[in-house]
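Notes follow once the structure below has been shown.
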Amino acid sequence: MTTRLEHNVADTRFEIYIDDTLAGYADYAEREDPKVRDFHHTMTFPEFRGRGVAAQVVEYALDDSRNEGFSVIPTCWYVEKYIAEHREYADLVS
């Protein structure tokens, strides 16, 4: 089983693929001044639930946001919960 994470800039979302099938994603809206990404929705397709798919894609999205100099707004309940449980990302919240 292979897992691939991608930043789909055109669709403003981070995606996770398992064996080349889209398993889930985290949508966001982006502002440049200041640099902020508002994560408003995280989705895991039913057949992939219970495998940590959402956690993987959110971690990837938060790492990318940090590397690109963005702060985040965790509008999505799952992103908010993930940050609360992984305090190393707390500094990203604007």
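Residues are referred to by chain and number: the chain letter is A, B, ... according to the order shown in the structure tokens, the number counts from 1 in that chain, and ligands are numbered separately from 1 in the order shown.
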
For this session: Skip Leu92 in chain A itself and residues of its chain fewer than 3 positions away, then list as a ChimeraX atom specification all residues within 7 Å of it, counting only C-alpha atoms.
Result: /A:71-72,89

Pull all heavy atoms from the residues just selected and write them as a PDB file, in the first residue's frame.
```pdb
ATOM      1  N   SER A  71       0.388  31.506   8.652  1.00  0.00           N
ATOM      2  CA  SER A  71      -0.288  31.147   9.890  1.00  0.00           C
ATOM      3  C   SER A  71      -1.594  30.475   9.470  1.00  0.00           C
ATOM      4  O   SER A  71      -1.952  30.488   8.286  1.00  0.00           O
ATOM      5  CB  SER A  71      -0.535  32.369  10.771  1.00  0.00           C
ATOM      6  OG  SER A  71      -1.353  33.296  10.119  1.00  0.00           O
ATOM      7  N   VAL A  72      -2.293  29.883  10.418  1.00  0.00           N
ATOM      8  CA  VAL A  72      -3.514  29.152  10.070  1.00  0.00           C
ATOM      9  C   VAL A  72      -4.683  29.561  10.959  1.00  0.00           C
ATOM     10  O   VAL A  72      -4.498  29.980  12.100  1.00  0.00           O
ATOM     11  CB  VAL A  72      -3.322  27.615  10.135  1.00  0.00           C
ATOM     12  CG1 VAL A  72      -2.216  27.157   9.215  1.00  0.00           C
ATOM     13  CG2 VAL A  72      -3.063  27.141  11.548  1.00  0.00           C
ATOM     14  N   TYR A  89       2.113  22.609  16.870  1.00  0.00           N
ATOM     15  CA  TYR A  89       1.523  23.436  15.815  1.00  0.00           C
ATOM     16  C   TYR A  89       0.758  24.643  16.371  1.00  0.00           C
ATOM     17  O   TYR A  89       0.244  25.452  15.595  1.00  0.00           O
ATOM     18  CB  TYR A  89       0.581  22.600  14.945  1.00  0.00           C
ATOM     19  CG  TYR A  89       1.314  21.535  14.174  1.00  0.00           C
ATOM     20  CD1 TYR A  89       1.214  20.193  14.527  1.00  0.00           C
ATOM     21  CD2 TYR A  89       2.132  21.860  13.095  1.00  0.00           C
ATOM     22  CE1 TYR A  89       1.905  19.213  13.833  1.00  0.00           C
ATOM     23  CE2 TYR A  89       2.821  20.886  12.391  1.00  0.00           C
ATOM     24  CZ  TYR A  89       2.703  19.563  12.762  1.00  0.00           C
ATOM     25  OH  TYR A  89       3.400  18.601  12.067  1.00  0.00           O
TER      26      TYR A  89
END
```

Problem set entry | Spatial neighbours of His40 in chain A, 9 Å, only C-alpha atoms, chain gap at least 3 places, as a list in words |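 Contacts, in chain order: Ala26, Asp27, Tyr28, Ala29, Ile73, Pro74, Thr75, Cys76, Trp77 and Val79 of chain A.
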
Problem set entry | Spatial neighbours of Thr3 in chain A, 8 Å, only C-alpha atoms, chain gap at least 2 places, as a list in words | Met1, Leu5, Ile16, Tyr17, Ile18, Asp19 and Asp20 of chain A

For this session: Check the DSSP output for the backbone and give back, as a PyMOL selection string, the residues of chain A in alpha helix (DSSP H).
Result: chain A and resi 53-67+77-85

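Nearest-residue note for Ala23 in chain A: choosing from A:Asn8, A:Gln56, A:Ser94, A:Asn67, the minimum distance belongs to A:Gln56, counting only C-alpha atoms.
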
Exercise. By how many Å are CA of Leu22 in chain A and CA of Phe45 in chain A apart?
Worked result: 8.2 Å

For this session: Tell me, as a ChimeraX atom specification, which residues lie within 12 Å of Glu68 in chain A, counting only C-alpha atoms; anything in the same chain fewer than 3 positions away does not count.
Result: /A:30,32,35-37,61-65,71-72,92

Filtering to N, CA and C atoms, could you give me those residues as a tab-separated table (two decimals), in the first residue's frame?
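Once everything was written out, this is selection03.tsv:
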```tsv
chain	number	residue	atom	x	y	z
A	30	GLU	N	-6.95	31.03	1.18
A	30	GLU	CA	-5.64	31.64	1.43
A	30	GLU	C	-5.67	33.14	1.24
A	32	GLU	N	-2.85	36.55	1.30
A	32	GLU	CA	-1.42	36.87	1.21
A	32	GLU	C	-0.99	37.97	2.16
A	35	LYS	N	-0.11	36.52	5.48
A	35	LYS	CA	-0.14	35.17	4.92
A	35	LYS	C	-0.88	34.23	5.89
A	36	VAL	N	-2.12	33.90	5.51
A	36	VAL	CA	-2.97	33.07	6.36
A	36	VAL	C	-3.68	32.03	5.50
A	37	ARG	N	-3.76	30.82	6.01
A	37	ARG	CA	-4.58	29.77	5.41
A	37	ARG	C	-5.67	29.41	6.40
A	61	ALA	N	-0.41	19.39	5.69
A	61	ALA	CA	-0.88	20.75	5.41
A	61	ALA	C	-0.29	21.76	6.39
A	62	LEU	N	-0.23	21.40	7.66
A	62	LEU	CA	0.34	22.32	8.65
A	62	LEU	C	1.84	22.48	8.46
A	63	ASP	N	2.54	21.40	8.15
A	63	ASP	CA	3.97	21.50	7.89
A	63	ASP	C	4.25	22.38	6.67
A	64	ASP	N	3.46	22.19	5.61
A	64	ASP	CA	3.63	23.02	4.42
A	64	ASP	C	3.33	24.48	4.72
A	65	SER	N	2.28	24.73	5.48
A	65	SER	CA	1.93	26.10	5.84
A	65	SER	C	3.07	26.76	6.61
A	71	SER	N	0.39	31.51	8.65
A	71	SER	CA	-0.29	31.15	9.89
A	71	SER	C	-1.59	30.48	9.47
A	72	VAL	N	-2.29	29.88	10.42
A	72	VAL	CA	-3.51	29.15	10.07
A	72	VAL	C	-4.68	29.56	10.96
A	92	LEU	N	1.18	28.24	15.05
A	92	LEU	CA	0.69	28.58	13.71
A	92	LEU	C	-0.66	29.29	13.74
```

For this session: Once DSSP has gone over the backbone, tell me which residues of chain A are in strand (DSSP E or B), as an MDAnalysis selection string.
Result: chainID A and resid 3:8 13:18 21:32 35:44 71:74 93

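For the residues A:Gly69, A:Gly50, A:Gly24, A:Pro34, ranking by smallest atom-to-atom distance to Glu6 in chain A using only C-alpha atoms places A:Gly24 first.
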